[in-house]
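**Q** My structure file final_14.txt, compact mmCIF, C-alpha atoms, is below:
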```txt
# COMPACT_ATOMS: atom_id res chain seq x y z
CA MET A 1 -2.38 -19.03 28.93
CA ILE A 2 -2.36 -17.44 32.37
CA LYS A 3 -5.49 -17.85 34.45
CA HIS A 4 -4.69 -15.18 37.02
CA ASP A 5 -2.35 -12.28 37.50
CA GLY A 6 -0.97 -10.06 40.22
CA LEU A 7 -1.16 -12.63 43.01
CA GLU A 8 2.55 -12.94 43.70
CA LYS A 9 2.20 -12.37 47.43
CA LEU A 10 -0.15 -15.34 47.73
CA ASN A 11 2.43 -17.79 46.35
CA MET A 12 0.12 -18.76 43.50
CA LYS A 13 1.15 -20.74 40.46
CA ILE A 14 1.12 -19.61 36.87
CA LYS A 15 -0.60 -22.25 34.80
CA SER A 16 0.25 -22.56 31.15
CA TYR A 17 -2.27 -23.85 28.59
CA ASN A 18 -1.81 -24.85 24.98
CA PRO A 19 -3.70 -22.11 23.11
CA THR A 20 -4.83 -24.49 20.34
CA ASN A 21 -6.63 -27.02 22.57
CA ASN A 22 -6.66 -25.33 26.01
CA GLU A 23 -4.83 -28.31 27.51
CA LEU A 24 -2.83 -27.64 30.69
CA ILE A 25 0.83 -28.18 29.78
CA GLY A 26 2.54 -27.09 32.98
CA GLU A 27 2.83 -24.59 35.78
CA VAL A 28 5.46 -22.63 37.67
CA GLU A 29 5.53 -20.94 41.06
CA GLN A 30 5.14 -17.20 40.90
CA THR A 31 8.07 -15.36 42.44
CA ASN A 32 7.00 -13.64 45.62
CA LEU A 33 8.49 -10.41 46.92
CA GLN A 34 10.78 -12.11 49.46
CA ASN A 35 12.20 -14.43 46.83
CA MET A 36 12.72 -11.49 44.52
CA LYS A 37 14.81 -9.70 47.14
CA GLU A 38 16.93 -12.82 47.64
CA ILE A 39 17.41 -13.14 43.88
CA VAL A 40 18.71 -9.56 43.66
CA ILE A 41 21.13 -10.08 46.56
CA LYS A 42 22.48 -13.30 45.03
CA SER A 43 22.75 -11.70 41.61
CA ARG A 44 24.83 -8.86 43.07
CA LYS A 45 27.17 -11.36 44.70
CA ALA A 46 27.42 -13.34 41.46
CA PHE A 47 28.40 -10.15 39.65
CA ASP A 48 31.49 -9.86 41.85
CA VAL A 49 32.73 -13.05 40.20
CA TRP A 50 31.18 -12.84 36.74
CA GLY A 51 31.93 -9.22 35.81
CA GLY A 52 35.64 -9.34 35.06
CA TYR A 53 37.50 -6.88 32.86
CA SER A 54 37.46 -7.22 29.13
CA SER A 55 40.95 -8.69 29.04
CA MET B 1 37.76 0.50 38.56
CA TYR B 2 35.96 -2.77 39.08
CA GLY B 3 37.28 -6.26 38.41
CA GLY B 4 35.52 -9.59 38.81
CA ASP B 5 37.23 -12.95 38.55
CA ILE B 6 35.93 -14.10 35.17
CA PRO B 7 37.40 -12.19 32.21
CA LEU B 8 35.73 -11.70 28.84
CA LYS B 9 37.56 -14.60 27.19
CA GLU B 10 36.23 -17.02 29.79
CA ARG B 11 32.70 -15.62 29.58
CA VAL B 12 32.80 -16.17 25.83
CA THR B 13 33.72 -19.81 26.49
CA TYR B 14 30.71 -20.16 28.80
CA ILE B 15 28.40 -18.67 26.17
CA GLN B 16 29.84 -21.05 23.56
CA GLN B 17 28.94 -23.94 25.85
CA LEU B 18 25.45 -22.50 26.22
CA CYS B 19 25.17 -22.31 22.43
CA ASP B 20 26.09 -26.01 22.21
CA VAL B 21 23.45 -26.95 24.79
CA ILE B 22 20.76 -24.98 22.95
CA LYS B 23 21.63 -26.75 19.68
CA VAL B 24 21.19 -30.13 21.38
CA LYS B 25 17.83 -29.08 22.88
CA LYS B 26 16.60 -27.19 19.82
CA ARG B 27 13.80 -29.56 18.70
CA GLU B 28 12.45 -30.05 22.21
CA PHE B 29 12.49 -26.32 22.86
CA ALA B 30 10.84 -25.48 19.53
CA GLN B 31 8.01 -27.89 20.32
CA LEU B 32 7.53 -26.24 23.71
CA ILE B 33 7.35 -22.78 22.11
CA THR B 34 4.70 -24.09 19.71
CA ASN B 35 2.73 -25.76 22.48
CA GLU B 36 2.84 -22.81 24.83
CA MET B 37 2.29 -19.80 22.62
CA GLY B 38 0.87 -21.21 19.40
CA MET B 39 3.68 -20.33 17.02
CA PRO B 40 3.86 -22.78 14.09
CA ILE B 41 6.72 -25.24 14.57
CA SER B 42 8.57 -23.94 11.50
CA GLU B 43 8.59 -20.45 13.02
CA SER B 44 9.59 -21.77 16.44
CA LEU B 45 12.60 -23.43 14.80
CA SER B 46 13.35 -20.19 12.93
CA ASP B 47 13.19 -18.24 16.18
CA ILE B 48 15.81 -20.53 17.69
CA ASP B 49 18.02 -20.57 14.57
CA SER B 50 17.90 -16.79 14.37
CA GLY B 51 18.79 -16.48 18.06
CA LEU B 52 21.67 -18.91 17.67
CA GLU B 53 23.06 -16.81 14.81
CA TYR B 54 23.06 -13.79 17.12
CA ILE B 55 24.81 -15.73 19.88
CA GLU B 56 27.48 -16.90 17.44
CA TRP B 57 27.98 -13.34 16.27
CA TYR B 58 28.40 -12.20 19.88
CA ILE B 59 30.91 -14.98 20.46
CA ASN B 60 32.91 -14.17 17.32
CA ASN B 61 32.96 -10.42 17.88
CA ALA B 62 33.06 -10.00 21.66
CA GLU B 63 36.80 -9.58 21.99
CA ARG B 64 37.04 -7.22 19.02
CA ILE B 65 34.32 -4.96 20.42
CA LEU B 66 34.80 -5.29 24.17
CA GLY B 67 38.53 -5.91 24.41
CA ASN B 68 40.81 -3.23 25.82
CA LYS B 69 41.86 -0.62 23.27
CA ILE B 70 44.95 1.56 23.23
CA ALA B 71 43.93 5.19 22.82
CA TYR B 72 47.48 6.56 22.99
CA GLU B 73 50.94 5.12 23.31
CA ASP B 74 54.47 6.48 23.35
CA GLU B 75 57.75 5.53 25.04
CA LYS B 76 56.55 6.96 28.39
CA GLU B 77 52.92 5.98 28.64
CA VAL B 78 50.09 3.82 27.36
CA ASP B 79 46.50 5.09 27.60
CA LYS B 80 43.89 2.32 27.47
CA ILE B 81 40.13 2.26 27.05
CA ILE B 82 38.75 -0.47 29.33
CA PHE B 83 35.13 -1.56 29.10
CA GLU B 84 33.58 -2.42 32.46
CA PRO B 85 30.29 -4.22 33.10
CA LYS B 86 27.60 -2.27 34.94
CA GLY B 87 26.25 -4.81 37.46
CA VAL B 88 22.88 -6.49 37.81
CA VAL B 89 20.56 -5.95 34.85
CA ALA B 90 16.78 -6.42 34.92
CA VAL B 91 15.43 -7.76 31.64
CA ILE B 92 11.68 -7.73 30.97
CA ILE B 93 10.62 -9.24 27.68
CA ALA B 94 7.49 -9.91 25.66
CA TRP B 95 5.88 -13.23 24.80
CA ASN B 96 6.07 -13.29 21.02
CA PHE B 97 9.68 -14.40 20.43
CA PRO B 98 10.64 -16.09 23.70
CA PHE B 99 14.08 -17.19 22.53
CA SER B 100 15.25 -14.33 20.31
CA SER B 101 14.15 -11.78 22.90
CA PHE B 102 16.19 -13.63 25.50
CA VAL B 103 19.22 -13.62 23.21
CA TRP B 104 19.01 -9.95 22.27
CA GLN B 105 18.63 -8.71 25.83
CA ALA B 106 20.07 -11.32 28.15
CA VAL B 107 22.91 -13.06 26.30
CA SER B 108 24.39 -9.74 25.18
CA ASN B 109 24.43 -8.59 28.82
CA LEU B 110 25.95 -11.86 30.00
CA ILE B 111 28.86 -11.56 27.56
CA VAL B 112 29.46 -7.97 28.61
CA GLY B 113 29.78 -9.18 32.21
CA ASN B 114 26.50 -8.12 33.75
CA THR B 115 24.42 -10.57 35.72
CA VAL B 116 20.81 -10.87 34.55
CA ILE B 117 17.46 -11.11 36.31
CA ILE B 118 14.91 -11.86 33.63
CA LYS B 119 11.13 -11.81 33.57
CA HIS B 120 9.51 -13.31 30.53
CA SER B 121 5.87 -12.62 29.82
CA GLN B 122 3.50 -14.52 32.11
CA LEU B 123 2.12 -16.06 28.92
CA VAL B 124 5.26 -18.17 28.38
CA PRO B 125 6.42 -19.33 31.84
CA LEU B 126 7.47 -22.78 30.61
CA CYS B 127 9.64 -21.30 27.86
CA SER B 128 11.23 -19.09 30.50
CA GLN B 129 11.84 -22.13 32.71
CA PHE B 130 13.28 -24.14 29.81
CA ILE B 131 15.74 -21.36 28.97
CA TYR B 132 16.68 -21.04 32.63
CA ASN B 133 17.42 -24.75 32.86
CA MET B 134 19.69 -24.58 29.80
CA VAL B 135 21.53 -21.48 31.02
CA SER B 136 21.96 -22.66 34.60
CA SER B 137 23.38 -26.00 33.37
CA VAL B 138 26.35 -24.05 32.00
CA LEU B 139 26.82 -20.70 33.76
CA PRO B 140 27.93 -20.18 37.39
CA GLU B 141 25.16 -20.04 39.98
CA ASN B 142 23.03 -16.86 40.16
CA VAL B 143 24.61 -15.22 37.12
CA TYR B 144 21.26 -15.73 35.37
CA SER B 145 18.08 -15.62 37.45
CA VAL B 146 14.38 -15.76 36.62
CA VAL B 147 11.34 -14.03 38.08
CA TYR B 148 7.93 -15.52 37.27
CA GLY B 149 4.88 -13.32 37.47
CA GLY B 150 2.66 -10.69 35.94
CA LYS B 151 2.32 -6.93 36.14
CA ARG B 152 3.19 -6.64 39.84
CA SER B 153 6.40 -8.58 39.33
CA ARG B 154 7.28 -6.33 36.42
CA LYS B 155 6.85 -3.23 38.57
CA LYS B 156 8.90 -4.71 41.42
CA ILE B 157 11.75 -5.86 39.23
CA SER B 158 11.97 -2.50 37.50
```
Can I see the file as structure tokens?

**A**
Amino acid sequence: MIKHDGLEKLNMKIKSYNPTNNELIGEVEQTNLQNMKEIVIKSRKAFDVWGGYSS
Amino acid sequence: MYGGDIPLKERVTYIQQLCDVIKVKKREFAQLITNEMGMPISESLSDIDSGLEYIEWYINNAERILGNKIAYEDEKEVDKIIFEPKGVVAVIIAWNFPFSSFVWQAVSNLIVGNTVIIKHSQLVPLCSQFIYNMVSSVLPENVYSVVYGGKRSRKKIS
């Protein structure tokens, strides 16, 4: 389970724990605001290729 | 009117490949769901099986539902209904069915032709990462993207 929340701008990690034994099973980097903007820009560009007509 | 390079038929082929990858990874993924959010393994497997059934239905029915339709036709003209994708779609989903929720909201959008930016619940970041790894092994780059975070991320993405 998450140990903290709302700290995206600090480049924190989300830690994941097994709820049955509280063992740490992994972690991921939170997405900060700058990365989020880049993701949106790249997704828009990808749409230009991906979003073809139905037929 | 808008037109990307990858038509529906080709997108369906991509999603079929994704379906095949998920089937190969099913056991590993089910165990991760159980480990991360406490769902019994039998229910984790059911979540994946159920999601796969939806994907197969999308694959089998995409062209019938989304293909161009002729609304009127005579010797002088043909009027067609053409379904166009909308663009980038933000998908924010809950923790309780990490795979089925992804299928219902993200895979359906991918077949339609939208690109997806998804944020799973912060309670299942590893499930989100696992799904991302499967999807990105098949689909073109940046068609499917992930945001990891909590409430602030949810507000920003929406």

**Q** Pick out the chain B residues within 8 Å of chain A. Count only C-alpha atoms. Give them as a PDB file with C-alpha atoms, keeping the file's coordinate frame.

**A**
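In the end it all went to result-v4.pdb:
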```pdb
ATOM      1  CA  TYR B   2      35.960  -2.770  39.080  1.00  0.00           C
ATOM      2  CA  GLY B   3      37.280  -6.260  38.410  1.00  0.00           C
ATOM      3  CA  GLY B   4      35.520  -9.590  38.810  1.00  0.00           C
ATOM      4  CA  ASP B   5      37.230 -12.950  38.550  1.00  0.00           C
ATOM      5  CA  ILE B   6      35.930 -14.100  35.170  1.00  0.00           C
ATOM      6  CA  PRO B   7      37.400 -12.190  32.210  1.00  0.00           C
ATOM      7  CA  LEU B   8      35.730 -11.700  28.840  1.00  0.00           C
ATOM      8  CA  LYS B   9      37.560 -14.600  27.190  1.00  0.00           C
ATOM      9  CA  ARG B  11      32.700 -15.620  29.580  1.00  0.00           C
ATOM     10  CA  ASN B  35       2.730 -25.760  22.480  1.00  0.00           C
ATOM     11  CA  GLU B  36       2.840 -22.810  24.830  1.00  0.00           C
ATOM     12  CA  MET B  37       2.290 -19.800  22.620  1.00  0.00           C
ATOM     13  CA  GLY B  38       0.870 -21.210  19.400  1.00  0.00           C
ATOM     14  CA  GLU B  63      36.800  -9.580  21.990  1.00  0.00           C
ATOM     15  CA  LEU B  66      34.800  -5.290  24.170  1.00  0.00           C
ATOM     16  CA  GLY B  67      38.530  -5.910  24.410  1.00  0.00           C
ATOM     17  CA  ASN B  68      40.810  -3.230  25.820  1.00  0.00           C
ATOM     18  CA  ILE B  82      38.750  -0.470  29.330  1.00  0.00           C
ATOM     19  CA  PHE B  83      35.130  -1.560  29.100  1.00  0.00           C
ATOM     20  CA  GLU B  84      33.580  -2.420  32.460  1.00  0.00           C
ATOM     21  CA  PRO B  85      30.290  -4.220  33.100  1.00  0.00           C
ATOM     22  CA  GLY B  87      26.250  -4.810  37.460  1.00  0.00           C
ATOM     23  CA  VAL B  88      22.880  -6.490  37.810  1.00  0.00           C
ATOM     24  CA  VAL B 112      29.460  -7.970  28.610  1.00  0.00           C
ATOM     25  CA  GLY B 113      29.780  -9.180  32.210  1.00  0.00           C
ATOM     26  CA  ASN B 114      26.500  -8.120  33.750  1.00  0.00           C
ATOM     27  CA  THR B 115      24.420 -10.570  35.720  1.00  0.00           C
ATOM     28  CA  VAL B 116      20.810 -10.870  34.550  1.00  0.00           C
ATOM     29  CA  ILE B 117      17.460 -11.110  36.310  1.00  0.00           C
ATOM     30  CA  GLN B 122       3.500 -14.520  32.110  1.00  0.00           C
ATOM     31  CA  LEU B 123       2.120 -16.060  28.920  1.00  0.00           C
ATOM     32  CA  VAL B 124       5.260 -18.170  28.380  1.00  0.00           C
ATOM     33  CA  PRO B 125       6.420 -19.330  31.840  1.00  0.00           C
ATOM     34  CA  LEU B 126       7.470 -22.780  30.610  1.00  0.00           C
ATOM     35  CA  PRO B 140      27.930 -20.180  37.390  1.00  0.00           C
ATOM     36  CA  GLU B 141      25.160 -20.040  39.980  1.00  0.00           C
ATOM     37  CA  ASN B 142      23.030 -16.860  40.160  1.00  0.00           C
ATOM     38  CA  VAL B 143      24.610 -15.220  37.120  1.00  0.00           C
ATOM     39  CA  TYR B 144      21.260 -15.730  35.370  1.00  0.00           C
ATOM     40  CA  SER B 145      18.080 -15.620  37.450  1.00  0.00           C
ATOM     41  CA  VAL B 147      11.340 -14.030  38.080  1.00  0.00           C
ATOM     42  CA  TYR B 148       7.930 -15.520  37.270  1.00  0.00           C
ATOM     43  CA  GLY B 149       4.880 -13.320  37.470  1.00  0.00           C
ATOM     44  CA  GLY B 150       2.660 -10.690  35.940  1.00  0.00           C
ATOM     45  CA  LYS B 151       2.320  -6.930  36.140  1.00  0.00           C
ATOM     46  CA  ARG B 152       3.190  -6.640  39.840  1.00  0.00           C
ATOM     47  CA  SER B 153       6.400  -8.580  39.330  1.00  0.00           C
ATOM     48  CA  LYS B 156       8.900  -4.710  41.420  1.00  0.00           C
ATOM     49  CA  ILE B 157      11.750  -5.860  39.230  1.00  0.00           C
TER      50      ILE B 157
END
```

**Q** May I ask which of the residues B:Ala62, B:Leu52, B:Val146, B:Val138 is the closest one to Ser100 of chain B, counting all atoms listed in the file?

**A** B:Leu52

**Q** Take atom CA of Asn60 of chain B and atom CA of Ile22 of chain B and report the distance between them in Å, one decimal.

**A**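 Atom CA of Asn60 of chain B sits 17.2 Å away from atom CA of Ile22 of chain B.
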
**Q** Could you tell me how far atom CA of Lys155 of chain B sits from atom CA of Phe130 of chain B, in Å to one decimal place?

**A** 23.6 Å

**Q** What's the separation between atom CA of Arg27 of chain B and atom CA of Glu10 of chain B, in Å to one decimal place?

**A** 28.0 Å

**Q** Pick out the residues sitting within 12 Å of Glu53 of chain B, and hand them over as a PyMOL selection string; count all atoms listed in the file, and ignore anything fewer than 6 positions along from it in its own chain.

**A** chain B and resi 16+19+22-23+46-47+59-60+99-100+103-104

**Q** Using only C-alpha atoms, which residue out of B:Val91, B:Ala71, B:Ile118, B:Leu110 lies closest to Ile15 of chain B?

**A** B:Leu110
